[in-house]
Structure formats: structure tokens, C-alpha cells
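Visitor: First the structure, then my questions, so here it is.
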Amino acid sequence: MTLILATATASEMRAVLTGFNGRGRVGCVMPEEGQPVVSPVNECECILLVTGVGPVNAAFQLGRTLAANKRIEGVVNLGIGGSFDMEKAPLCHGVLVDSETWPDYGLATTEGTSAEALRFPLHQDDAGTVWNRIDLAPVASLHTLGLSVPEHSAIGGALTVAAASGHPARAEEMCAHGALIENMEGFALALGCRKAGLPFVEYRIVSNRVGSRAAVDWALDDAFTALGKAARALFC
């Protein structure tokens with residue numbers, strides 16, 4: 001089994017590798033952004049990929065890596081993200097993503113943004129039409145890839161944005177889309193996998209409350225530690 005294991009940042013990849021080094025066979029150097037590194041992780045051959053932040057970087061680096069490696073059988077995206085609901089997804093809690101939405105795509109009017117109103121779908125295949133939302137099957141995809149669901153994981157939707165929500169009014173606007181967490185790469189990776197016909201798994205640790213810059217609503221260091229533990233659990 002050959003998988004791409006993608007994170008947006010070097011900090012997230014470092015947390016993942018730290019978790020692996022506590023249990024599991026990993027022998028590699030830390031990948032630079034956009035420079036994939038092949039590493040065995042237990043029974044999987046993983047291509048470790050730091051994409052860079054945001055949907056454009058994520059789409060570009062995934063496409064380039066898939067084009068260079070025809071044997072890829074799936075993609076796992078690990079990282080941190082913000083929570084819209086601190087009861088369902090509190091700080092340092094893991095979320096297995098079951099849908100990805102790109103709220104910025106479509107025709108923006110005074111009534112909101114509609115992807116269908118633009119009349120240009122992002123993708124069409126036998127499974128249906130992708131406008132600005134992709135439904136995922138995370139548990140089934142994990143099973144297909146021979147991976148495990150970490151204990152105590154929440155399951156919910158994710159919203160991919162190019163500008164992270166930095167104030168309450170923006171958070172309330174984004175929360176109306178019904179997602180549990182906010183991130184900056186997931187939809188791009190999910191769409192790339194949909195186009196390539198590959199299983200896709202996204203797992204994120206909550207690092208902050210969406211829309212708040214207050215220190216009490218952030219736990220970056222603990223979230224990175226939790227991310228490493230979750231990565232280890234996925235591959236156990």
C-alpha cells in the first residue's frame with residue numbers, strides 16, 4: 001500500500017513524525033515544503049508531503065505528486081483546524097471529516113453565495129456532480145487503506161477557506177454552512193482525490209475556536225501533541 005500523507009505545514013508534519021517515532025517504523029528526513037519524502041510507516045509506504053498553506057498550494061502539490069507517482073492508492077490529510085462547536089469538538093479533540101465544503105465558490109449575491117447559480121460545476125463523474133461540497137466516506141476509506149479510527153474521534157463536516165475566520169461575525173457567517181471545523185486545504189485535497197478516483201481521509205485536531213484570537217481559545221502546542229498521537233493511532 002502506497003499512500004500520500006499530507007500536511008499543510010512543517011510544524012504539523014513534525015508533530016506527525018514525533019508521534020510515529022513513539023511507536024511504529026519510520027525512517028526518513030523531515031520533508032521540505034513541496035519536496036516529498038518516501039518513508040515506510042508500519043506496513044505502508046508513505047510519501048510524506050508538506051503542501052504549504054491554503055487551497056492553491058494544496059491542489060498544486062497534490063497534483064504534482066500524483067503525476068509523479070502512479071502507484072498511489074490513497075491520500076491521508078492530517079493537521080489542525082478551528083472548531084465551530086466547542087462542545088462537539090473541543091480543544092485538542094480529533095475530528096474525522098465526513099464532508100468538505102468550499103463556501104467561496106459560486107456566484108455571490110446579496111442573498112449569499114451559490115455554486116449552482118454560477119452554472120459551472122467543479123467536477124462530474126458517475127457518483128454525481130460536485131458544486132462546492134464533497135461528501136466523504138471516512139470510515140470506509142480508512143478500512144480500504146488498512147488504517148484505524150482513533151478512539152474518541154468526532155465525525156463531522158469541514159469548511160475550507162482561504163482566509164481563516166479571525167473575528168466572531170465572520171465565524172457566525174461561516175458557521176451557517178453547517179460544518180464542525182474550519183481549515184484551509186481539505187476541499188482542494190478532497191477534490192483532487194475525487195478527480196483521481198482515490199480514497200481520501202482527512203483527520204484534524206482542534207487547535208482553536210473559530211473566530212477568536214483570545215489566548216484562552218487556543219492550544220497549539222497541545223494540539224500538535226494530540227496530532228502525533230492520532231497519527232500513530234491511525235497507522236496502528
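Labels used: A, B, ... for chains in the order of the C-alpha cells, numbers from 1 for residues in each chain, and numbers from 1 for ligands as shown.
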Residues within 12 Å of range 173-175 of chain A, please, as a ChimeraX atom specification. Count only C-alpha atoms; anything in the same chain fewer than 4 positions from it doesn't count.
Guide: /A:82-85,101-104,112-113,157-161,163-169,179-183,209-211
Visitor: Any chance you can output those residues with C-alpha atoms as a PDB file, in the first residue's frame?
Guide:
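See again19.pdb below for the written result:
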```pdb
ATOM      1  CA  GLY A  82     -10.604  25.519  14.230  1.00  0.00           C
ATOM      2  CA  SER A  83     -13.846  24.399  15.855  1.00  0.00           C
ATOM      3  CA  PHE A  84     -17.251  25.976  15.338  1.00  0.00           C
ATOM      4  CA  ASP A  85     -18.727  23.926  18.223  1.00  0.00           C
ATOM      5  CA  THR A 101     -17.298  22.441   1.601  1.00  0.00           C
ATOM      6  CA  TRP A 102     -15.714  25.372  -0.232  1.00  0.00           C
ATOM      7  CA  PRO A 103     -18.010  28.303   0.671  1.00  0.00           C
ATOM      8  CA  ASP A 104     -16.267  30.858  -1.549  1.00  0.00           C
ATOM      9  CA  GLY A 112     -25.322  34.734  -0.269  1.00  0.00           C
ATOM     10  CA  THR A 113     -23.036  32.629  -2.465  1.00  0.00           C
ATOM     11  CA  GLY A 157     -18.071  18.289   8.194  1.00  0.00           C
ATOM     12  CA  ALA A 158     -15.254  20.691   7.387  1.00  0.00           C
ATOM     13  CA  LEU A 159     -15.212  24.076   5.709  1.00  0.00           C
ATOM     14  CA  THR A 160     -12.195  25.074   3.595  1.00  0.00           C
ATOM     15  CA  VAL A 161     -11.383  28.775   3.418  1.00  0.00           C
ATOM     16  CA  ALA A 163      -8.898  33.418   4.817  1.00  0.00           C
ATOM     17  CA  ALA A 164      -9.184  31.947   8.312  1.00  0.00           C
ATOM     18  CA  SER A 165     -12.067  33.395  10.326  1.00  0.00           C
ATOM     19  CA  GLY A 166     -10.465  35.887  12.711  1.00  0.00           C
ATOM     20  CA  HIS A 167     -13.484  37.561  14.296  1.00  0.00           C
ATOM     21  CA  PRO A 168     -16.892  36.439  15.664  1.00  0.00           C
ATOM     22  CA  ALA A 169     -19.013  37.898  12.854  1.00  0.00           C
ATOM     23  CA  ALA A 179     -19.589  22.436   9.310  1.00  0.00           C
ATOM     24  CA  LEU A 180     -17.959  21.351  12.558  1.00  0.00           C
ATOM     25  CA  ILE A 181     -14.454  22.618  11.797  1.00  0.00           C
ATOM     26  CA  GLU A 182     -12.658  25.134   9.583  1.00  0.00           C
ATOM     27  CA  ASN A 183      -9.430  24.522   7.670  1.00  0.00           C
ATOM     28  CA  ARG A 209     -12.142  28.276  18.497  1.00  0.00           C
ATOM     29  CA  VAL A 210     -13.092  29.688  15.087  1.00  0.00           C
ATOM     30  CA  GLY A 211     -13.331  33.481  15.138  1.00  0.00           C
TER      31      GLY A 211
END
```
Visitor: Using only C-alpha atoms, tabulate the residues of range 62-163 of chain A lying at most 8 Å from any atom of range 222-228 of chain A, each with its closest atom pair and that distance in Å to one decimal, by chain and increasing residue number, as CSV.
Guide:
```
residue,atom,partner,partner_atom,distance
A:Leu78,CA,A:Leu227,CA,7.7
A:Gly79,CA,A:Leu227,CA,6.9
A:Ile80,CA,A:Ala223,CA,7.1
A:Leu91,CA,A:Ala223,CA,7.4
A:Cys92,CA,A:Ala223,CA,4.8
A:His93,CA,A:Ala226,CA,7.8
A:Gly94,CA,A:Leu227,CA,7.9
```
Visitor: Show me, as a short mmCIF file (atom, residue, chain, number, x, y, z; two decimals) with all heavy atoms, in the first residue's frame, the residues that have an atom within 8 Å of Ala10 in chain A when counting only C-alpha atoms, minus same-chain residues fewer than 2 positions from it.
Guide:
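Here's the written file result-v9.cif:
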```cif
data_model
loop_
_atom_site.label_atom_id
_atom_site.label_comp_id
_atom_site.auth_asym_id
_atom_site.auth_seq_id
_atom_site.Cartn_x
_atom_site.Cartn_y
_atom_site.Cartn_z
N THR A 7 0.43 17.11 5.04
CA THR A 7 0.13 18.17 6.00
C THR A 7 0.35 19.51 5.30
O THR A 7 1.07 19.59 4.30
CB THR A 7 1.03 18.10 7.25
OG1 THR A 7 2.37 18.42 6.89
CG2 THR A 7 0.98 16.72 7.89
N ALA A 8 -0.24 20.56 5.84
CA ALA A 8 -0.05 21.87 5.24
C ALA A 8 1.29 22.47 5.61
O ALA A 8 1.94 23.12 4.79
CB ALA A 8 -1.18 22.81 5.66
N GLU A 12 3.08 20.75 11.43
CA GLU A 12 2.16 19.62 11.50
C GLU A 12 2.86 18.31 11.15
O GLU A 12 2.65 17.28 11.80
CB GLU A 12 0.97 19.87 10.57
CG GLU A 12 0.03 20.95 11.08
CD GLU A 12 -0.90 21.48 10.00
OE1 GLU A 12 -0.41 21.78 8.88
OE2 GLU A 12 -2.11 21.59 10.27
N MET A 13 3.71 18.34 10.12
CA MET A 13 4.44 17.13 9.76
C MET A 13 5.39 16.72 10.87
O MET A 13 5.52 15.52 11.18
CB MET A 13 5.22 17.34 8.46
CG MET A 13 5.93 16.09 7.96
SD MET A 13 4.81 14.70 7.56
CE MET A 13 4.11 15.29 6.00
N ARG A 14 6.03 17.67 11.51
CA ARG A 14 6.94 17.37 12.61
C ARG A 14 6.17 16.71 13.75
O ARG A 14 6.65 15.76 14.38
CB ARG A 14 7.63 18.64 13.09
CG ARG A 14 8.77 18.40 14.06
CD ARG A 14 9.52 19.68 14.34
NE ARG A 14 10.18 20.19 13.14
CZ ARG A 14 9.81 21.28 12.49
NH1 ARG A 14 8.78 22.00 12.91
NH2 ARG A 14 10.46 21.68 11.40
N PRO A 31 10.58 16.32 5.49
CA PRO A 31 10.41 16.86 4.13
C PRO A 31 10.32 18.37 4.12
O PRO A 31 9.71 18.98 4.99
CB PRO A 31 9.10 16.22 3.67
CG PRO A 31 8.35 15.90 4.92
CD PRO A 31 9.39 15.57 5.95
N GLU A 32 10.92 18.98 3.11
CA GLU A 32 10.74 20.40 2.87
C GLU A 32 9.41 20.61 2.15
O GLU A 32 8.88 19.71 1.51
CB GLU A 32 11.88 20.93 2.00
CG GLU A 32 13.27 20.78 2.61
CD GLU A 32 13.51 21.74 3.75
OE1 GLU A 32 12.81 22.78 3.80
OE2 GLU A 32 14.38 21.45 4.59
N GLU A 33 8.87 21.83 2.23
CA GLU A 33 7.62 22.12 1.54
C GLU A 33 7.75 21.85 0.05
O GLU A 33 8.68 22.33 -0.61
CB GLU A 33 7.22 23.58 1.77
CG GLU A 33 5.90 23.95 1.12
CD GLU A 33 5.49 25.38 1.41
OE1 GLU A 33 5.67 25.83 2.56
OE2 GLU A 33 4.97 26.04 0.48
N VAL A 50 4.56 17.98 2.52
CA VAL A 50 4.18 19.26 3.11
C VAL A 50 3.74 20.16 1.97
O VAL A 50 4.56 20.56 1.13
CB VAL A 50 5.35 19.88 3.89
CG1 VAL A 50 4.95 21.24 4.44
CG2 VAL A 50 5.78 18.96 5.04
#
```
Visitor: Show me, as number ranges by chain, the residues that have an atom within 7 Å of Pro121 in chain A when counting only C-alpha atoms, minus same-chain residues fewer than 4 positions from it.
Guide: A: 129-131
Visitor: Would you output that residue set with N, CA and C atoms, as a PDB file, in the first residue's frame?
Guide:
```pdb
ATOM      1  N   THR A 129     -22.406  15.176  -9.296  1.00  0.00           N
ATOM      2  CA  THR A 129     -21.832  16.482  -9.627  1.00  0.00           C
ATOM      3  C   THR A 129     -21.296  17.156  -8.376  1.00  0.00           C
ATOM      4  N   VAL A 130     -20.096  17.687  -8.471  1.00  0.00           N
ATOM      5  CA  VAL A 130     -19.512  18.447  -7.364  1.00  0.00           C
ATOM      6  C   VAL A 130     -19.664  19.927  -7.664  1.00  0.00           C
ATOM      7  N   TRP A 131     -20.395  20.597  -6.800  1.00  0.00           N
ATOM      8  CA  TRP A 131     -20.504  22.046  -6.907  1.00  0.00           C
ATOM      9  C   TRP A 131     -19.506  22.691  -5.941  1.00  0.00           C
TER      10      TRP A 131
END
```
Visitor: Might you pull out every residue within 9 Å of Phe60 in chain A, with only C-alpha atoms counted and same-chain residues fewer than 5 positions away left off, and present them as a PyMOL selection string?
Guide: chain A and resi 51+55+65
Visitor: Rounded to one decimal place, report the CA of Arg133 in chain A-CA of Pro150 in chain A distance in Å.
Guide: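 Those two atoms sit 24.9 Å apart.
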Visitor: To test your reading of the structure, identify every residue in range 1-231 of chain A that backbone DSSP assigns to strand (DSSP E), and report it as a PyMOL selection string.
Guide: chain A and resi 2-7+37-41+44-50+74-83+94-101+107-109+112-114+123-125+128-130+133-135+154-160+181-183+200-209
Visitor: Considering only alpha helix (DSSP H) as DSSP defines it on the backbone, what residues of range 19-100 of chain A qualify? List them as a VMD selection string.
Guide: chain A and resid 19 to 22 55 to 68
Visitor: Between A:Ala15, A:Leu122, A:Ala67, A:Val29, which residue has the minimum interatomic distance to Arg194 in chain A, considering only C-alpha atoms?
Guide: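 Smallest separation from Arg194 in chain A among the options: A:Leu122.
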Visitor: Hey, what's within 8 Å of Ala115 in chain A if we count only C-alpha atoms and toss same-chain stuff fewer than 4 positions away? As a list in words, please?
Guide: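 Answer for this query is Tyr105, Gly106, Leu107, Arg119, Phe120, Pro121, Trp131 and Asn132 of chain A.
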Visitor: Using CA of Ala68 in chain A and CA of Gly34 in chain A as the two end points, give the distance in Å to one decimal.
Guide: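 The value is 12.5 Å.
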